[in-house]
$ cat start_3.pdb   # PDB, C-alpha atoms, pLDDT in the B column
ATOM      1  CA  ASP E  20     253.058 232.978 200.325  1.00 68.00           C
ATOM      2  CA  THR E  21     254.335 229.928 202.237  1.00 73.00           C
ATOM      3  CA  ALA E  22     252.773 226.644 201.085  1.00 92.00           C
ATOM      4  CA  VAL E  23     253.279 224.694 204.337  1.00 95.00           C
ATOM      5  CA  SER E  24     253.955 226.811 207.398  1.00 95.00           C
ATOM      6  CA  GLN E  25     254.861 225.643 210.878  1.00 95.00           C
ATOM      7  CA  THR E  26     255.026 227.574 214.089  1.00 96.00           C
ATOM      8  CA  PRO E  27     257.094 228.001 216.098  1.00 96.00           C
ATOM      9  CA  LYS E  28     260.387 227.492 214.290  1.00 95.00           C
ATOM     10  CA  TYR E  29     262.275 226.976 217.552  1.00 96.00           C
ATOM     11  CA  LEU E  30     260.935 225.698 220.847  1.00 97.00           C
ATOM     12  CA  VAL E  31     262.990 225.325 224.015  1.00 97.00           C
ATOM     13  CA  THR E  32     261.184 223.958 227.041  1.00 97.00           C
ATOM     14  CA  GLN E  33     261.715 222.082 230.275  1.00 97.00           C
ATOM     15  CA  MET E  34     261.054 218.420 230.896  1.00 97.00           C
ATOM     16  CA  GLY E  35     257.503 217.717 231.950  1.00 97.00           C
ATOM     17  CA  ASN E  36     255.966 220.654 230.113  1.00 97.00           C
ATOM     18  CA  ASP E  37     253.210 220.409 227.512  1.00 97.00           C
ATOM     19  CA  LYS E  38     253.698 222.098 224.144  1.00 97.00           C
ATOM     20  CA  SER E  39     252.018 222.380 220.744  1.00 97.00           C
ATOM     21  CA  ILE E  40     253.291 222.840 217.222  1.00 98.00           C
ATOM     22  CA  LYS E  41     250.972 224.228 214.577  1.00 97.00           C
ATOM     23  CA  CYS E  42     250.924 223.485 210.860  1.00 97.00           C
ATOM     24  CA  GLU E  43     248.917 224.995 208.033  1.00 97.00           C
ATOM     25  CA  GLN E  44     248.953 224.343 204.301  1.00 96.00           C
ATOM     26  CA  ASN E  45     247.429 226.427 201.532  1.00 95.00           C
ATOM     27  CA  LEU E  46     247.977 223.943 198.703  1.00 91.00           C
ATOM     28  CA  GLY E  47     244.514 222.412 198.837  1.00 90.00           C
ATOM     29  CA  HIS E  48     245.973 218.984 199.658  1.00 90.00           C
ATOM     30  CA  ASP E  49     243.784 216.454 201.406  1.00 88.00           C
ATOM     31  CA  THR E  50     246.564 214.734 203.343  1.00 91.00           C
ATOM     32  CA  MET E  51     248.941 216.053 205.981  1.00 93.00           C
ATOM     33  CA  TYR E  52     251.783 214.391 207.840  1.00 93.00           C
ATOM     34  CA  TRP E  53     254.065 214.767 210.831  1.00 95.00           C
ATOM     35  CA  TYR E  54     257.630 213.480 210.599  1.00 95.00           C
ATOM     36  CA  LYS E  55     260.330 213.431 213.253  1.00 95.00           C
ATOM     37  CA  GLN E  56     263.968 213.973 212.303  1.00 95.00           C
ATOM     38  CA  ASP E  57     266.419 212.801 214.936  1.00 93.00           C
ATOM     39  CA  SER E  58     269.948 213.980 215.642  1.00 92.00           C
ATOM     40  CA  LYS E  59     271.311 211.661 212.948  1.00 91.00           C
ATOM     41  CA  LYS E  60     268.901 213.267 210.461  1.00 92.00           C
ATOM     42  CA  PHE E  61     266.825 210.111 210.092  1.00 93.00           C
ATOM     43  CA  LEU E  62     263.221 210.888 209.102  1.00 93.00           C
ATOM     44  CA  LYS E  63     260.412 208.790 210.508  1.00 91.00           C
ATOM     45  CA  ILE E  64     256.697 209.247 209.984  1.00 91.00           C
ATOM     46  CA  MET E  65     254.584 209.809 213.068  1.00 94.00           C
ATOM     47  CA  PHE E  66     251.067 210.570 211.859  1.00 92.00           C
ATOM     48  CA  SER E  67     249.023 211.150 208.747  1.00 90.00           C
ATOM     49  CA  TYR E  68     245.591 212.686 208.372  1.00 90.00           C
ATOM     50  CA  ASN E  69     243.419 212.621 205.276  1.00 87.00           C
ATOM     51  CA  ASN E  70     240.671 215.227 205.292  1.00 83.00           C
ATOM     52  CA  LYS E  71     240.615 215.288 209.119  1.00 82.00           C
ATOM     53  CA  GLU E  72     240.677 211.495 209.431  1.00 87.00           C
ATOM     54  CA  LEU E  73     243.655 209.746 211.042  1.00 88.00           C
ATOM     55  CA  ILE E  74     245.079 207.218 208.573  1.00 85.00           C
ATOM     56  CA  ILE E  75     248.595 206.575 209.843  1.00 83.00           C
ATOM     57  CA  ASN E  76     249.579 206.307 213.466  1.00 83.00           C
ATOM     58  CA  GLU E  77     253.040 204.821 213.758  1.00 85.00           C
ATOM     59  CA  THR E  78     254.481 203.595 217.030  1.00 78.00           C
ATOM     60  CA  VAL E  79     254.456 206.901 218.840  1.00 87.00           C
ATOM     61  CA  PRO E  80     254.028 207.410 222.614  1.00 90.00           C
ATOM     62  CA  ASN E  81     250.537 208.407 223.720  1.00 91.00           C
ATOM     63  CA  ARG E  82     252.014 211.694 224.907  1.00 95.00           C
ATOM     64  CA  PHE E  83     251.908 212.782 221.261  1.00 95.00           C
ATOM     65  CA  SER E  84     248.452 213.703 220.013  1.00 93.00           C
ATOM     66  CA  PRO E  85     247.714 215.139 216.582  1.00 93.00           C
ATOM     67  CA  LYS E  86     244.660 217.267 215.974  1.00 93.00           C
ATOM     68  CA  SER E  87     243.210 218.272 212.620  1.00 93.00           C
ATOM     69  CA  PRO E  88     240.434 220.861 212.888  1.00 91.00           C
ATOM     70  CA  ASP E  89     240.143 220.996 209.099  1.00 92.00           C
ATOM     71  CA  LYS E  90     242.060 219.596 206.165  1.00 90.00           C
ATOM     72  CA  ALA E  91     244.330 222.642 205.958  1.00 94.00           C
ATOM     73  CA  HIS E  92     245.577 222.316 209.542  1.00 95.00           C
ATOM     74  CA  LEU E  93     247.349 219.595 211.471  1.00 95.00           C
ATOM     75  CA  ASN E  94     248.637 220.424 214.922  1.00 96.00           C
ATOM     76  CA  LEU E  95     250.836 218.312 217.180  1.00 97.00           C
ATOM     77  CA  HIS E  96     250.431 218.408 220.939  1.00 97.00           C
ATOM     78  CA  ILE E  97     253.028 216.828 223.190  1.00 96.00           C
ATOM     79  CA  ASN E  98     252.398 216.151 226.870  1.00 96.00           C
ATOM     80  CA  SER E  99     254.978 215.613 229.600  1.00 97.00           C
ATOM     81  CA  LEU E 100     257.957 216.358 227.411  1.00 97.00           C
ATOM     82  CA  GLU E 101     261.050 214.189 227.826  1.00 97.00           C
ATOM     83  CA  LEU E 102     264.679 214.758 226.877  1.00 96.00           C
ATOM     84  CA  GLY E 103     264.363 212.168 224.096  1.00 94.00           C
ATOM     85  CA  ASP E 104     261.675 214.236 222.405  1.00 96.00           C
ATOM     86  CA  SER E 105     264.315 216.725 221.328  1.00 97.00           C
ATOM     87  CA  ALA E 106     264.326 216.642 217.530  1.00 96.00           C
ATOM     88  CA  VAL E 107     263.187 218.540 214.471  1.00 97.00           C
ATOM     89  CA  TYR E 108     259.529 217.988 213.664  1.00 97.00           C
ATOM     90  CA  PHE E 109     258.383 218.440 210.086  1.00 96.00           C
ATOM     91  CA  CYS E 110     254.895 218.927 208.837  1.00 96.00           C
ATOM     92  CA  ALA E 111     254.130 218.011 205.231  1.00 95.00           C
ATOM     93  CA  SER E 112     251.176 217.880 202.910  1.00 94.00           C
ATOM     94  CA  GLY E 113     250.522 215.882 199.785  1.00 89.00           C
ATOM     95  CA  GLY E 114     248.177 213.715 197.858  1.00 76.00           C
ATOM     96  CA  ARG E 115     246.739 210.461 199.097  1.00 67.00           C
ATOM     97  CA  GLU E 116     248.536 208.391 196.455  1.00 72.00           C
ATOM     98  CA  ARG E 117     252.091 207.083 196.653  1.00 69.00           C
ATOM     99  CA  LYS E 118     253.167 208.919 193.528  1.00 77.00           C
ATOM    100  CA  ASP E 119     252.369 212.379 194.812  1.00 76.00           C
ATOM    101  CA  GLY E 120     255.239 213.019 197.209  1.00 83.00           C
ATOM    102  CA  TYR E 121     255.098 215.816 199.766  1.00 89.00           C
ATOM    103  CA  THR E 122     255.615 219.513 200.283  1.00 92.00           C
ATOM    104  CA  PHE E 123     257.418 220.067 203.578  1.00 94.00           C
ATOM    105  CA  GLY E 124     257.291 222.846 206.085  1.00 95.00           C
ATOM    106  CA  SER E 125     260.545 224.372 207.310  1.00 93.00           C
ATOM    107  CA  GLY E 126     260.503 222.409 210.546  1.00 95.00           C
ATOM    108  CA  THR E 127     260.264 223.054 214.285  1.00 97.00           C
ATOM    109  CA  ARG E 128     263.407 222.442 216.299  1.00 96.00           C
ATOM    110  CA  LEU E 129     262.298 221.240 219.727  1.00 97.00           C
ATOM    111  CA  THR E 130     264.850 221.224 222.540  1.00 97.00           C
ATOM    112  CA  VAL E 131     263.869 219.759 225.882  1.00 97.00           C
ATOM    113  CA  VAL E 132     266.145 220.720 228.767  1.00 97.00           C
TER     114      VAL E 132
ATOM    115  CA  ALA A  24     258.945 194.851 203.429  1.00 80.00           C
ATOM    116  CA  GLN A  25     259.653 198.103 201.661  1.00 88.00           C
ATOM    117  CA  SER A  26     262.906 199.893 202.376  1.00 93.00           C
ATOM    118  CA  VAL A  27     265.378 202.418 201.055  1.00 96.00           C
ATOM    119  CA  THR A  28     269.148 202.287 201.434  1.00 97.00           C
ATOM    120  CA  GLN A  29     271.476 205.141 200.610  1.00 97.00           C
ATOM    121  CA  LEU A  30     275.052 203.990 200.175  1.00 94.00           C
ATOM    122  CA  GLY A  31     277.487 206.397 201.740  1.00 92.00           C
ATOM    123  CA  SER A  32     276.423 208.712 204.528  1.00 94.00           C
ATOM    124  CA  HIS A  33     278.968 211.288 203.406  1.00 97.00           C
ATOM    125  CA  VAL A  34     280.159 212.131 199.883  1.00 97.00           C
ATOM    126  CA  SER A  35     282.815 214.720 199.141  1.00 98.00           C
ATOM    127  CA  VAL A  36     283.507 216.082 195.659  1.00 97.00           C
ATOM    128  CA  SER A  37     285.454 218.977 194.214  1.00 97.00           C
ATOM    129  CA  GLU A  38     283.648 221.884 192.627  1.00 97.00           C
ATOM    130  CA  GLY A  39     283.040 221.032 188.957  1.00 97.00           C
ATOM    131  CA  ALA A  40     283.274 217.285 189.507  1.00 98.00           C
ATOM    132  CA  LEU A  41     280.549 214.715 188.917  1.00 98.00           C
ATOM    133  CA  VAL A  42     278.107 214.147 191.754  1.00 98.00           C
ATOM    134  CA  LEU A  43     276.826 210.594 192.265  1.00 98.00           C
ATOM    135  CA  LEU A  44     274.576 209.770 195.219  1.00 98.00           C
ATOM    136  CA  ARG A  45     273.429 206.166 195.442  1.00 98.00           C
ATOM    137  CA  CYS A  46     270.001 204.862 196.380  1.00 98.00           C
ATOM    138  CA  ASN A  47     268.695 201.308 196.346  1.00 97.00           C
ATOM    139  CA  TYR A  48     265.186 200.267 197.203  1.00 96.00           C
ATOM    140  CA  SER A  49     263.156 197.206 198.029  1.00 94.00           C
ATOM    141  CA  SER A  50     259.496 197.100 197.073  1.00 90.00           C
ATOM    142  CA  SER A  51     256.964 194.360 196.394  1.00 86.00           C
ATOM    143  CA  VAL A  52     254.952 196.674 194.144  1.00 84.00           C
ATOM    144  CA  PRO A  53     256.037 199.061 191.367  1.00 85.00           C
ATOM    145  CA  PRO A  54     257.833 201.837 193.204  1.00 88.00           C
ATOM    146  CA  TYR A  55     257.430 205.552 193.227  1.00 91.00           C
ATOM    147  CA  LEU A  56     260.769 207.127 194.085  1.00 94.00           C
ATOM    148  CA  PHE A  57     261.814 210.605 195.127  1.00 95.00           C
ATOM    149  CA  TRP A  58     264.922 212.616 195.851  1.00 97.00           C
ATOM    150  CA  TYR A  59     264.721 215.473 198.342  1.00 97.00           C
ATOM    151  CA  VAL A  60     267.363 218.007 199.344  1.00 97.00           C
ATOM    152  CA  GLN A  61     267.662 219.624 202.761  1.00 96.00           C
ATOM    153  CA  TYR A  62     269.774 222.740 203.170  1.00 93.00           C
ATOM    154  CA  PRO A  63     270.954 223.615 206.705  1.00 88.00           C
ATOM    155  CA  ASN A  64     268.120 224.604 209.031  1.00 83.00           C
ATOM    156  CA  GLN A  65     265.537 224.260 206.290  1.00 88.00           C
ATOM    157  CA  GLY A  66     262.816 221.842 205.295  1.00 90.00           C
ATOM    158  CA  LEU A  67     263.035 219.260 202.552  1.00 94.00           C
ATOM    159  CA  GLN A  68     262.644 220.339 198.939  1.00 94.00           C
ATOM    160  CA  LEU A  69     261.658 217.962 196.157  1.00 93.00           C
ATOM    161  CA  LEU A  70     264.424 217.556 193.565  1.00 96.00           C
ATOM    162  CA  LEU A  71     262.753 215.020 191.294  1.00 95.00           C
ATOM    163  CA  LYS A  72     260.482 211.992 191.253  1.00 93.00           C
ATOM    164  CA  TYR A  73     259.984 208.761 189.333  1.00 93.00           C
ATOM    165  CA  THR A  74     256.378 207.708 188.801  1.00 86.00           C
ATOM    166  CA  SER A  75     256.713 204.943 186.165  1.00 79.00           C
ATOM    167  CA  ALA A  76     256.955 207.198 183.111  1.00 77.00           C
ATOM    168  CA  ALA A  77     260.464 207.879 181.739  1.00 85.00           C
ATOM    169  CA  THR A  78     263.242 206.013 183.520  1.00 90.00           C
ATOM    170  CA  LEU A  79     265.578 209.007 183.274  1.00 95.00           C
ATOM    171  CA  VAL A  80     264.124 211.796 185.341  1.00 95.00           C
ATOM    172  CA  LYS A  81     265.331 215.380 185.264  1.00 95.00           C
ATOM    173  CA  GLY A  82     264.917 217.617 188.253  1.00 95.00           C
ATOM    174  CA  ILE A  83     265.763 221.059 189.491  1.00 94.00           C
ATOM    175  CA  ASN A  84     269.243 222.562 189.794  1.00 94.00           C
ATOM    176  CA  GLY A  85     270.694 220.313 187.065  1.00 96.00           C
ATOM    177  CA  PHE A  86     270.120 217.031 188.914  1.00 97.00           C
ATOM    178  CA  GLU A  87     268.834 213.886 187.289  1.00 97.00           C
ATOM    179  CA  ALA A  88     268.240 210.290 188.323  1.00 97.00           C
ATOM    180  CA  GLU A  89     267.875 207.029 186.473  1.00 96.00           C
ATOM    181  CA  PHE A  90     265.496 204.287 187.540  1.00 95.00           C
ATOM    182  CA  LYS A  91     266.964 200.822 186.974  1.00 95.00           C
ATOM    183  CA  LYS A  92     264.532 198.069 187.850  1.00 93.00           C
ATOM    184  CA  SER A  93     267.059 195.273 187.347  1.00 94.00           C
ATOM    185  CA  GLU A  94     269.374 196.870 189.876  1.00 95.00           C
ATOM    186  CA  THR A  95     266.580 198.230 192.124  1.00 95.00           C
ATOM    187  CA  SER A  96     268.410 201.535 192.035  1.00 97.00           C
ATOM    188  CA  PHE A  97     267.586 205.211 191.654  1.00 97.00           C
ATOM    189  CA  HIS A  98     270.934 207.002 191.783  1.00 98.00           C
ATOM    190  CA  LEU A  99     271.115 210.799 191.690  1.00 98.00           C
ATOM    191  CA  THR A 100     273.671 212.539 189.483  1.00 98.00           C
ATOM    192  CA  LYS A 101     274.807 215.994 188.485  1.00 98.00           C
ATOM    193  CA  PRO A 102     277.538 216.533 185.888  1.00 97.00           C
ATOM    194  CA  SER A 103     279.252 219.437 187.621  1.00 97.00           C
ATOM    195  CA  ALA A 104     279.016 220.225 191.327  1.00 97.00           C
ATOM    196  CA  HIS A 105     278.549 223.752 192.608  1.00 97.00           C
ATOM    197  CA  MET A 106     279.367 224.978 196.074  1.00 96.00           C
ATOM    198  CA  SER A 107     275.659 225.674 196.543  1.00 96.00           C
ATOM    199  CA  ASP A 108     274.899 221.939 196.155  1.00 97.00           C
ATOM    200  CA  ALA A 109     276.344 221.209 199.598  1.00 97.00           C
ATOM    201  CA  ALA A 110     273.407 219.828 201.571  1.00 97.00           C
ATOM    202  CA  GLU A 111     271.741 216.672 202.862  1.00 97.00           C
ATOM    203  CA  TYR A 112     270.090 214.486 200.230  1.00 98.00           C
ATOM    204  CA  PHE A 113     267.341 211.989 200.913  1.00 97.00           C
ATOM    205  CA  CYS A 114     266.002 209.221 198.709  1.00 97.00           C
ATOM    206  CA  ALA A 115     262.414 208.176 199.465  1.00 95.00           C
ATOM    207  CA  LEU A 116     259.999 205.432 198.424  1.00 93.00           C
ATOM    208  CA  GLY A 117     256.229 205.812 198.183  1.00 88.00           C
ATOM    209  CA  SER A 118     254.710 203.044 200.277  1.00 76.00           C
ATOM    210  CA  GLY A 119     251.313 201.387 200.359  1.00 70.00           C
ATOM    211  CA  ASN A 120     248.173 203.279 199.466  1.00 69.00           C
ATOM    212  CA  THR A 121     248.406 205.913 202.166  1.00 70.00           C
ATOM    213  CA  GLY A 122     250.904 208.255 200.561  1.00 75.00           C
ATOM    214  CA  LYS A 123     253.446 207.397 203.233  1.00 84.00           C
ATOM    215  CA  LEU A 124     257.072 208.009 202.225  1.00 89.00           C
ATOM    216  CA  ILE A 125     259.871 205.818 203.521  1.00 92.00           C
ATOM    217  CA  PHE A 126     263.139 207.726 203.641  1.00 94.00           C
ATOM    218  CA  GLY A 127     266.697 206.550 203.330  1.00 96.00           C
ATOM    219  CA  GLN A 128     269.277 207.510 205.928  1.00 96.00           C
ATOM    220  CA  GLY A 129     270.419 210.548 203.996  1.00 97.00           C
ATOM    221  CA  THR A 130     273.731 211.462 202.358  1.00 97.00           C
ATOM    222  CA  THR A 131     275.663 214.592 203.210  1.00 97.00           C
ATOM    223  CA  LEU A 132     277.213 216.130 200.120  1.00 97.00           C
ATOM    224  CA  GLN A 133     280.297 218.234 200.702  1.00 97.00           C
ATOM    225  CA  VAL A 134     281.648 220.339 197.819  1.00 97.00           C
ATOM    226  CA  LYS A 135     285.269 221.433 198.080  1.00 97.00           C
ATOM    227  CA  PRO A 136     286.580 224.511 196.276  1.00 95.00           C
TER     228      PRO A 136
END

$ encode --input "start_3.pdb" --output "structure tokens"
Amino acid sequence: DTAVSQTPKYLVTQMGNDKSIKCEQNLGHDTMYWYKQDSKKFLKIMFSYNNKELIINETVPNRFSPKSPDKAHLNLHINSLELGDSAVYFCASGGRERKDGYTFGSGTRLTVV
Amino acid sequence: AQSVTQLGSHVSVSEGALVLLRCNYSSSVPPYLFWYVQYPNQGLQLLLKYTSAATLVKGINGFEAEFKKSETSFHLTKPSAHMSDAAEYFCALGSGNTGKLIFGQGTTLQVKP
């Protein structure tokens, strides 16, 4: 029973399209995150939600919009996809405190052509 | 500002040799530190974490790390490398009161037969 599941695992799409990535966790955590991993494998936080409330919104283009219908789900919608959006996107869940760390999903590899 | 630096983007060892992956941090508050491992095409898995209890932390798969405040370091070690240890390793620092993790640049561990 997967703790943090993301769908789809792979996503290939054309520039200008709109796409969504879904994430669900069954760990009972209050906080969920989206991270972007670039081609050099660097991980950078994008968003964080705590019990459906946005608490972290790093410098991310407005084309990226997270949505959390409940604390077990955090989806990522991307409008007008660009070539530079190609990356692996990871969802994670964890506690609100620094000491808790995260449980990661297996990632969504987005390729924009 | 809080930051994490992993020294050496690529480390190569022979099977059975000692593994040493270096991580230094900068934090204005007592740190919480983590090591994650990422196998090819997979998500990140928690290896171990330091949360201000014992300075020598044991993790999964025979890995351990020692927190040294005077050196602001949290290096990861394993006495004897296995081929299955080949992966990407990330050091991370718990930041602020939002649960946000700041990741180092990652170190690729290659294990030669």

$ resolve_selection --input "start_3.pdb" --expression "the ChimeraX specification (/A :<9) & /E" --output "list in words"
Thr50, Tyr52, Lys59, Lys60, Phe61, Leu62, Lys63, Ile64, Ser67, Asn69, Ile74, Ile75, Phe109, Gly113, Gly114, Arg115, Glu116, Arg117, Lys118, Asp119, Gly120, Tyr121, Thr122, Phe123, Gly124, Ser125, Gly126 and Arg128 of chain E

$ closest_residue --input "start_3.pdb" --among "E:Leu129, E:Leu46, E:Leu30, E:Ile40" --to "Lys90 in chain E" --atoms "only C-alpha atoms"
E:Leu46

$ resolve_selection --input "start_3.pdb" --expression "the PyMOL selection byres ((chain A and resi 91) around 12)" --output "list in words"
Arg45, Cys46, Asn47, Tyr48, Pro53, Pro54, Leu56, Tyr73, Ser75, Ala77, Thr78, Leu79, Val80, Ala88, Glu89, Phe90, Lys92, Ser93, Glu94, Thr95, Ser96, Phe97, His98 and Leu99 of chain A

$ write_last_selection --input "start_3.pdb" --atoms "C-alpha atoms" --output "PDB file, in the coordinates of the input"
ATOM      1  CA  ARG A  45     273.429 206.166 195.442  1.00 98.00           C
ATOM      2  CA  CYS A  46     270.001 204.862 196.380  1.00 98.00           C
ATOM      3  CA  ASN A  47     268.695 201.308 196.346  1.00 97.00           C
ATOM      4  CA  TYR A  48     265.186 200.267 197.203  1.00 96.00           C
ATOM      5  CA  PRO A  53     256.037 199.061 191.367  1.00 85.00           C
ATOM      6  CA  PRO A  54     257.833 201.837 193.204  1.00 88.00           C
ATOM      7  CA  LEU A  56     260.769 207.127 194.085  1.00 94.00           C
ATOM      8  CA  TYR A  73     259.984 208.761 189.333  1.00 93.00           C
ATOM      9  CA  SER A  75     256.713 204.943 186.165  1.00 79.00           C
ATOM     10  CA  ALA A  77     260.464 207.879 181.739  1.00 85.00           C
ATOM     11  CA  THR A  78     263.242 206.013 183.520  1.00 90.00           C
ATOM     12  CA  LEU A  79     265.578 209.007 183.274  1.00 95.00           C
ATOM     13  CA  VAL A  80     264.124 211.796 185.341  1.00 95.00           C
ATOM     14  CA  ALA A  88     268.240 210.290 188.323  1.00 97.00           C
ATOM     15  CA  GLU A  89     267.875 207.029 186.473  1.00 96.00           C
ATOM     16  CA  PHE A  90     265.496 204.287 187.540  1.00 95.00           C
ATOM     17  CA  LYS A  92     264.532 198.069 187.850  1.00 93.00           C
ATOM     18  CA  SER A  93     267.059 195.273 187.347  1.00 94.00           C
ATOM     19  CA  GLU A  94     269.374 196.870 189.876  1.00 95.00           C
ATOM     20  CA  THR A  95     266.580 198.230 192.124  1.00 95.00           C
ATOM     21  CA  SER A  96     268.410 201.535 192.035  1.00 97.00           C
ATOM     22  CA  PHE A  97     267.586 205.211 191.654  1.00 97.00           C
ATOM     23  CA  HIS A  98     270.934 207.002 191.783  1.00 98.00           C
ATOM     24  CA  LEU A  99     271.115 210.799 191.690  1.00 98.00           C
TER      25      LEU A  99
END

$ resolve_selection --input "start_3.pdb" --expression "the PyMOL selection byres ((chain E and resi 70) around 9)" --output "ChimeraX atom specification"
/E:48-51,68-69,71-73,87,89-91

$ closest_residue --input "start_3.pdb" --among "E:Thr32, E:Thr127, E:Asn98, E:Ser105" --to "Ser58 in chain E" --atoms "only C-alpha atoms"
E:Ser105

$ atom_distance --input "start_3.pdb" --atom1 "CA of Ser35 in chain A" --atom2 "CA of Tyr108 in chain E"
27.6 Å

$ residues_around --input "start_3.pdb" --residues "Ser103 in chain A" --least-positions-apart "4" --cutoff "9 Å" --atoms "all atoms listed in the file" --output "PyMOL selection string"
chain A and resi 38-42+85

$ write_last_selection --input "start_3.pdb" --atoms "C-alpha atoms" --output "mmCIF file, in the frame of the given file"
data_model
loop_
_atom_site.group_PDB
_atom_site.id
_atom_site.type_symbol
_atom_site.label_atom_id
_atom_site.label_comp_id
_atom_site.auth_asym_id
_atom_site.auth_seq_id
_atom_site.Cartn_x
_atom_site.Cartn_y
_atom_site.Cartn_z
ATOM 1 C CA GLU A 38 283.648 221.884 192.627
ATOM 2 C CA GLY A 39 283.040 221.032 188.957
ATOM 3 C CA ALA A 40 283.274 217.285 189.507
ATOM 4 C CA LEU A 41 280.549 214.715 188.917
ATOM 5 C CA VAL A 42 278.107 214.147 191.754
ATOM 6 C CA GLY A 85 270.694 220.313 187.065
#

$ closest_residue --input "start_3.pdb" --among "E:Gln44, E:Ser84, E:Thr78, E:Ser99" --to "Thr26 in chain E" --atoms "only C-alpha atoms"
E:Gln44
